[in-house]
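Worksheet: the structure to be examined is printed underneath.
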Amino acid sequence: MQWEQLLSLKRQGDTSKRLRREQDDTRLGFEVDYDRIIFSSAFRSLQDKTQVIPLSKTDFVHTRLTHSLEVSVVGRSLGRLVGKKIIEKHPYLSEVHGYQMNDFGAIVAAAALSHDIGNPPFGHSGEKAIGEYFKTGRGQHYKEQLTDKQWQDLIDFEGNANGFNLLTASRPGVDGGLRLTYATLGAFMKYPKESLPKKPTANISDKKYGFFQCDKEFVQDVAKELGLIPNKTGEDIGFERHPLAYLVEAADDICYTIMDFEDGINLGVIQEEFALEYLIKLVKDSIDAAKYNTLTTKEDRLGYLRALAIGSLINDAVNVFLENEEAILQGKYPYALTDQGKYTAQMNDIIKLSIKNIYQSREVVEKEVIGYRIIATLLDTFCTAYNNKFDGASGNYDNLVLKLLPEKFVTEKMSLYDRLLHICHFVSTLTDGKAVMLYNTITGAK
């Protein structure tokens, strides 16, 4: 892969080449991506979507929105630090094409900002709930009418693939969705493959899937423009990662490791003394013990340790990337950056403690159970009504249910797969609170 191709400013529907040296630096194309994402309704809905604790009303616990903003900030730093070294190593990128260090930061920041935009309500349990409605729930009867890959899209519903669709799907008068640059879309795709074959290799890019069957033609267009390396044979579609996707992933890994840990301490499910015990291993080379000892509140002490820890992990991820740049460009780096760094063991220790004390806490489990019931009910109600209308068999109740759909979801889909995925898209865009309200309306609960 070549950097000048990977940094493409092309947008869906473009008929002429967009050249970096002709860009207005006060309104750079990659920064336009960031603006379009942050003003989108899909991004705005993240303010009421679960990061760690579903339906939490505690003001210091992260939502998907605050998490995404933090990941974008870390991603921008990662991109700029890497970009500075890449430009120094490959000066033709600047001298011939006009690319600058900040371009890398802007691409990674935009992709990182949108990395969770496709996540349904109630966190990762929401993804599982959608999949299980089709795999083991009332949606099983649709299987025989779908191809294997279409069925896998549904039973293994993936927020990353859903995010790509939300960013790029056309609707009347809105071709190409947000029309982001192909460079940003490439960096967004952590798993540029179909849902089948599932985990065909141990390569990190095969861990999950990154696009639905309805989006595969456009993904191939993006991959061709960027020069991504195909890694599947026959009728299967998949590619090696865009190099900057490694930085987006690292930004996410760094933030959820440190910030979820901090949330656990603020919630009281992890004792504050663990903060120093676990984080000191990340900050021992940079901590000012005298300054730390002057901090009198838990918030200030945690904030100080968190800032130093994130700084250490950013520098480590940058070093791993630069040491492996050639292998990454050749599509021969099958790892996450944070799995190969000097702090991998320390991060894993923090994650293990967070899993035990936060992710598997009774409060989280109880609310995830509620989320499963809500999502299954919404899917069943809307899928039934939507398909009954298409089949000409809708009753008055079905018609009333469909009036609850937002205007942009009131559209006809000709294939069963597209109809089912359409309802999944609708449910995925709901906030936690809106999902609860709709469930209460449908079931007659208070």
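Each chain in the structure tokens gets a letter, A, B and so on, in the order shown; residues start at 1 in every chain, and ligands are counted from 1 in the order they appear.
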With only C-alpha atoms as the counted atoms, please give the residues lying no more than 10 Å from A:Lys332, apart from itself and same-chain residues fewer than 6 positions off, as a list in words.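 Answer for this query is Asn203, Glu240, Arg241, Asn324, Glu325 and Glu326 of chain A.
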With C-alpha atoms kept, could you save the residues just selected as a short mmCIF file (atom, residue, chain, number, x, y, z; two decimals), in the first residue's frame?
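As written to disk, selection_6.cif reads:
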data_model
loop_
_atom_site.label_atom_id
_atom_site.label_comp_id
_atom_site.auth_asym_id
_atom_site.auth_seq_id
_atom_site.Cartn_x
_atom_site.Cartn_y
_atom_site.Cartn_z
CA ASN A 203 -5.27 -11.72 11.93
CA GLU A 240 -5.93 -5.92 4.89
CA ARG A 241 -6.47 -2.89 7.09
CA ASN A 324 6.29 -1.86 12.02
CA GLU A 325 5.32 0.64 9.31
CA GLU A 326 6.75 -1.45 6.48
#
Mind checking which residues fall within 9 Å of A:Gly126, counting only C-alpha atoms, ignoring those fewer than 4 positions away in the same chain, and posting them as a PyMOL selection string? chain A and resi 119-122+130-131+368+371-372+375+428
Of the candidates A:Asp349, A:Gln360, A:Val108, A:Gly163, which shows the shortest atom-to-atom distance to A:Thr257, using only C-alpha atoms?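 The closest residue to A:Thr257 is A:Asp349.
Of the listed residues (A:Gly105, A:Gly433, A:Gly118, A:Gly123), A:Gly105 comes nearest to A:Gly75; the distances count only C-alpha atoms.
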Selection near A:Gly311, 10 Å with only C-alpha atoms, sequence-local residues under 2 positions removed, as a PyMOL selection string: chain A and resi 74+77+254+282-283+286+305-309+313-316
Write the selection just made, keeping C-alpha atoms, as a PDB file, in the first residue's frame?
ATOM      1  CA  VAL A  74      -6.356  10.537  21.570  1.00  0.00           C
ATOM      2  CA  SER A  77      -2.552  12.893  18.903  1.00  0.00           C
ATOM      3  CA  ILE A 254      -6.370   3.245  25.393  1.00  0.00           C
ATOM      4  CA  LEU A 282       2.151   3.032  33.428  1.00  0.00           C
ATOM      5  CA  VAL A 283       3.342   6.352  34.844  1.00  0.00           C
ATOM      6  CA  SER A 286       6.742  10.456  34.388  1.00  0.00           C
ATOM      7  CA  LEU A 305      -2.743   9.623  36.943  1.00  0.00           C
ATOM      8  CA  ARG A 306      -5.119   9.248  33.997  1.00  0.00           C
ATOM      9  CA  ALA A 307      -3.447  12.013  31.976  1.00  0.00           C
ATOM     10  CA  LEU A 308       0.019  10.544  32.525  1.00  0.00           C
ATOM     11  CA  ALA A 309      -1.176   7.006  31.752  1.00  0.00           C
ATOM     12  CA  LEU A 313       0.161   4.604  26.099  1.00  0.00           C
ATOM     13  CA  ILE A 314       0.007   7.088  23.200  1.00  0.00           C
ATOM     14  CA  ASN A 315       3.796   7.240  22.930  1.00  0.00           C
ATOM     15  CA  ASP A 316       4.048   3.457  23.154  1.00  0.00           C
TER      16      ASP A 316
END
Measuring atom to atom with only C-alpha atoms, identify which of A:Ile370, A:Leu329, A:Ala345, A:Val71 is nearest to A:Glu249.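 With only C-alpha atoms as the atom set, the closest residue is A:Val71.
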Write out as a ChimeraX atom specification which residues come within 12 Å of A:Lys208 when counting only C-alpha atoms, dropping same-chain ones fewer than 4 positions away. /A:152-153,156-161,189-204,212,238
Could those selected residues go to a file with N, CA and C atoms, as a compact mmCIF listing (two decimals), in the first residue's frame?
# COMPACT_ATOMS: atom_id res chain seq x y z
N GLN A 152 -25.97 -14.40 8.32
CA GLN A 152 -24.88 -14.15 9.27
C GLN A 152 -24.84 -12.69 9.67
N ASP A 153 -25.12 -11.77 8.72
CA ASP A 153 -25.18 -10.34 9.05
C ASP A 153 -26.15 -10.09 10.20
N ASP A 156 -25.23 -12.25 13.73
CA ASP A 156 -23.98 -11.78 14.33
C ASP A 156 -23.89 -10.27 14.15
N PHE A 157 -25.01 -9.59 14.40
CA PHE A 157 -25.13 -8.15 14.14
C PHE A 157 -23.94 -7.41 14.74
N GLU A 158 -23.33 -6.56 13.92
CA GLU A 158 -22.06 -5.94 14.27
C GLU A 158 -22.14 -4.42 14.18
N GLY A 159 -21.81 -3.76 15.28
CA GLY A 159 -21.87 -2.31 15.33
C GLY A 159 -20.93 -1.63 14.35
N ASN A 160 -19.79 -2.25 14.07
CA ASN A 160 -18.85 -1.67 13.11
C ASN A 160 -19.44 -1.64 11.71
N ALA A 161 -20.07 -2.73 11.30
CA ALA A 161 -20.71 -2.77 9.99
C ALA A 161 -21.89 -1.81 9.94
N MET A 189 -12.69 1.48 9.07
CA MET A 189 -12.93 0.04 8.95
C MET A 189 -11.85 -0.78 9.65
N LYS A 190 -12.07 -1.11 10.90
CA LYS A 190 -11.12 -1.94 11.63
C LYS A 190 -11.15 -3.38 11.14
N TYR A 191 -12.30 -3.79 10.59
CA TYR A 191 -12.46 -5.18 10.14
C TYR A 191 -13.03 -5.20 8.72
N PRO A 192 -12.21 -4.94 7.71
CA PRO A 192 -12.72 -4.80 6.34
C PRO A 192 -13.00 -6.15 5.68
N LYS A 193 -13.99 -6.86 6.21
CA LYS A 193 -14.37 -8.17 5.67
C LYS A 193 -15.87 -8.39 5.84
N GLU A 194 -16.38 -9.40 5.13
CA GLU A 194 -17.78 -9.81 5.26
C GLU A 194 -17.98 -10.62 6.53
N SER A 195 -19.26 -10.89 6.84
CA SER A 195 -19.57 -11.66 8.05
C SER A 195 -19.16 -13.13 7.92
N LEU A 196 -19.04 -13.63 6.72
CA LEU A 196 -18.54 -14.98 6.46
C LEU A 196 -17.39 -14.90 5.47
N PRO A 197 -16.36 -15.76 5.62
CA PRO A 197 -16.18 -16.73 6.71
C PRO A 197 -15.88 -16.03 8.03
N LYS A 198 -16.37 -16.62 9.13
CA LYS A 198 -16.21 -16.01 10.45
C LYS A 198 -14.85 -16.36 11.04
N LYS A 199 -14.09 -15.34 11.41
CA LYS A 199 -12.75 -15.51 12.00
C LYS A 199 -11.92 -16.55 11.24
N PRO A 200 -11.70 -16.33 9.94
CA PRO A 200 -10.96 -17.32 9.15
C PRO A 200 -9.49 -17.42 9.52
N THR A 201 -8.93 -16.37 10.14
CA THR A 201 -7.53 -16.38 10.54
C THR A 201 -7.40 -15.70 11.89
N ALA A 202 -6.19 -15.74 12.45
CA ALA A 202 -5.92 -15.05 13.71
C ALA A 202 -5.57 -13.59 13.51
N ASN A 203 -5.56 -13.12 12.25
CA ASN A 203 -5.27 -11.72 11.93
C ASN A 203 -6.30 -10.82 12.62
N ILE A 204 -5.84 -9.75 13.25
CA ILE A 204 -6.72 -8.85 13.97
C ILE A 204 -7.82 -8.29 13.06
N PHE A 212 -21.99 -4.89 5.85
CA PHE A 212 -23.10 -5.76 5.49
C PHE A 212 -23.07 -6.09 4.01
N GLY A 238 -12.63 -9.44 1.36
CA GLY A 238 -11.95 -8.95 2.56
C GLY A 238 -10.63 -8.32 2.19
Kindly indicate which residue among A:Phe409, A:Asp33, A:Val219, A:Arg64 lies nearest to A:Ser45, using only C-alpha atoms for the distances.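 Looking only at the distances to A:Ser45, the closest residue turns out to be A:Arg64.
Candidate residues A:His124, A:Asn388, A:Leu81, A:Tyr304 were compared for distance to A:Lys291, and the nearest is A:Tyr304, using only C-alpha atoms.
Interatomic distance, atom CA of A:Leu167 against atom CA of A:Phe43: 10.0 Å.
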Neighbour list for A:Glu22 as a list in words, cut-off 12 Å, only C-alpha atoms, skip fewer than 6 positions in-chain: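 That gives Leu9, Leu28, Gly29, Val96, His97, Gly98 and Tyr99 of chain A.
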How would the residues just chosen look if you wrote them out with C-alpha atoms as an mmCIF file, in the first residue's frame?
data_model
loop_
_atom_site.group_PDB
_atom_site.id
_atom_site.type_symbol
_atom_site.label_atom_id
_atom_site.label_comp_id
_atom_site.auth_asym_id
_atom_site.auth_seq_id
_atom_site.Cartn_x
_atom_site.Cartn_y
_atom_site.Cartn_z
ATOM 1 C CA LEU A 9 -9.649 12.857 -0.488
ATOM 2 C CA LEU A 28 -9.442 20.843 4.819
ATOM 3 C CA GLY A 29 -11.436 17.895 3.464
ATOM 4 C CA VAL A 96 4.951 16.644 -4.249
ATOM 5 C CA HIS A 97 1.445 16.015 -2.929
ATOM 6 C CA GLY A 98 1.104 18.670 -0.227
ATOM 7 C CA TYR A 99 0.220 16.388 2.689
#
May I ask which of the residues A:Gly264, A:Gly341, A:Pro172, A:Gly331 is the closest one to A:Pro230, counting only C-alpha atoms?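 When distances to A:Pro230 are compared using only C-alpha atoms, the smallest one comes from A:Gly331.
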Long-range neighbours of stretch 83-90 of chain A as an MDAnalysis selection string, 7 Å cut-off, only C-alpha atoms, 6 positions minimum in chain: chainID A and resid 101:102 104
Those selected residues, please, written with C-alpha atoms and delivered as an mmCIF file, in the first residue's frame.
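Saved result, result26.cif, follows:
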data_model
loop_
_atom_site.group_PDB
_atom_site.id
_atom_site.type_symbol
_atom_site.label_atom_id
_atom_site.label_comp_id
_atom_site.auth_asym_id
_atom_site.auth_seq_id
_atom_site.Cartn_x
_atom_site.Cartn_y
_atom_site.Cartn_z
ATOM 1 C CA MET A 101 1.429 16.055 9.590
ATOM 2 C CA ASN A 102 -1.976 17.292 10.713
ATOM 3 C CA PHE A 104 -2.951 12.180 9.561
#
Who sits within 7 Å of stretch 335-338 of chain A, only C-alpha atoms, same chain under 5 positions skipped, as a count of residues only: 8
Members of stretch 347-398 of chain A assigned alpha helix (DSSP H) by DSSP, as a PyMOL selection string: chain A and resi 347-354+362-390+396-398
Atoms kept (C-alpha atoms) for selection, written as a PDB file, in the first residue's frame:
ATOM      1  CA  MET A 347      -3.337  -2.922  30.268  1.00  0.00           C
ATOM      2  CA  ASN A 348      -4.518  -6.519  30.495  1.00  0.00           C
ATOM      3  CA  ASP A 349      -4.350  -6.388  34.300  1.00  0.00           C
ATOM      4  CA  ILE A 350      -6.535  -3.273  34.335  1.00  0.00           C
ATOM      5  CA  ILE A 351      -9.029  -4.815  31.902  1.00  0.00           C
ATOM      6  CA  LYS A 352      -9.313  -8.003  33.984  1.00  0.00           C
ATOM      7  CA  LEU A 353     -10.134  -5.965  37.081  1.00  0.00           C
ATOM      8  CA  SER A 354     -12.683  -3.887  35.131  1.00  0.00           C
ATOM      9  CA  ARG A 362     -24.937  -6.891  39.334  1.00  0.00           C
ATOM     10  CA  GLU A 363     -26.071  -3.398  38.248  1.00  0.00           C
ATOM     11  CA  VAL A 364     -24.757  -3.944  34.721  1.00  0.00           C
ATOM     12  CA  VAL A 365     -26.148  -7.494  34.449  1.00  0.00           C
ATOM     13  CA  GLU A 366     -29.613  -6.458  35.636  1.00  0.00           C
ATOM     14  CA  LYS A 367     -29.856  -3.634  33.136  1.00  0.00           C
ATOM     15  CA  GLU A 368     -28.500  -5.763  30.290  1.00  0.00           C
ATOM     16  CA  VAL A 369     -31.274  -8.286  30.986  1.00  0.00           C
ATOM     17  CA  ILE A 370     -33.805  -5.467  30.653  1.00  0.00           C
ATOM     18  CA  GLY A 371     -32.107  -4.369  27.427  1.00  0.00           C
ATOM     19  CA  TYR A 372     -32.421  -7.833  25.890  1.00  0.00           C
ATOM     20  CA  ARG A 373     -36.167  -7.903  26.509  1.00  0.00           C
ATOM     21  CA  ILE A 374     -36.642  -4.374  25.160  1.00  0.00           C
ATOM     22  CA  ILE A 375     -34.705  -4.957  21.930  1.00  0.00           C
ATOM     23  CA  ALA A 376     -36.339  -8.340  21.227  1.00  0.00           C
ATOM     24  CA  THR A 377     -39.787  -6.794  21.670  1.00  0.00           C
ATOM     25  CA  LEU A 378     -39.032  -3.817  19.425  1.00  0.00           C
ATOM     26  CA  LEU A 379     -37.543  -5.981  16.679  1.00  0.00           C
ATOM     27  CA  ASP A 380     -40.436  -8.421  16.715  1.00  0.00           C
ATOM     28  CA  THR A 381     -43.076  -5.705  16.698  1.00  0.00           C
ATOM     29  CA  PHE A 382     -41.571  -3.622  13.899  1.00  0.00           C
ATOM     30  CA  CYS A 383     -40.291  -6.499  11.727  1.00  0.00           C
ATOM     31  CA  THR A 384     -43.738  -8.121  11.815  1.00  0.00           C
ATOM     32  CA  ALA A 385     -45.565  -4.911  10.985  1.00  0.00           C
ATOM     33  CA  TYR A 386     -43.105  -3.897   8.258  1.00  0.00           C
ATOM     34  CA  ASN A 387     -43.229  -7.284   6.525  1.00  0.00           C
ATOM     35  CA  ASN A 388     -46.996  -7.593   6.889  1.00  0.00           C
ATOM     36  CA  LYS A 389     -47.402  -4.274   5.090  1.00  0.00           C
ATOM     37  CA  PHE A 390     -45.103  -5.394   2.262  1.00  0.00           C
ATOM     38  CA  ASN A 396     -54.777  -1.825  11.926  1.00  0.00           C
ATOM     39  CA  TYR A 397     -52.302  -2.541  14.734  1.00  0.00           C
ATOM     40  CA  ASP A 398     -49.465  -2.973  12.218  1.00  0.00           C
TER      41      ASP A 398
END
In Å, how far is it from atom CA of A:Ile355 to atom CA of A:Ile258? 12.7 Å
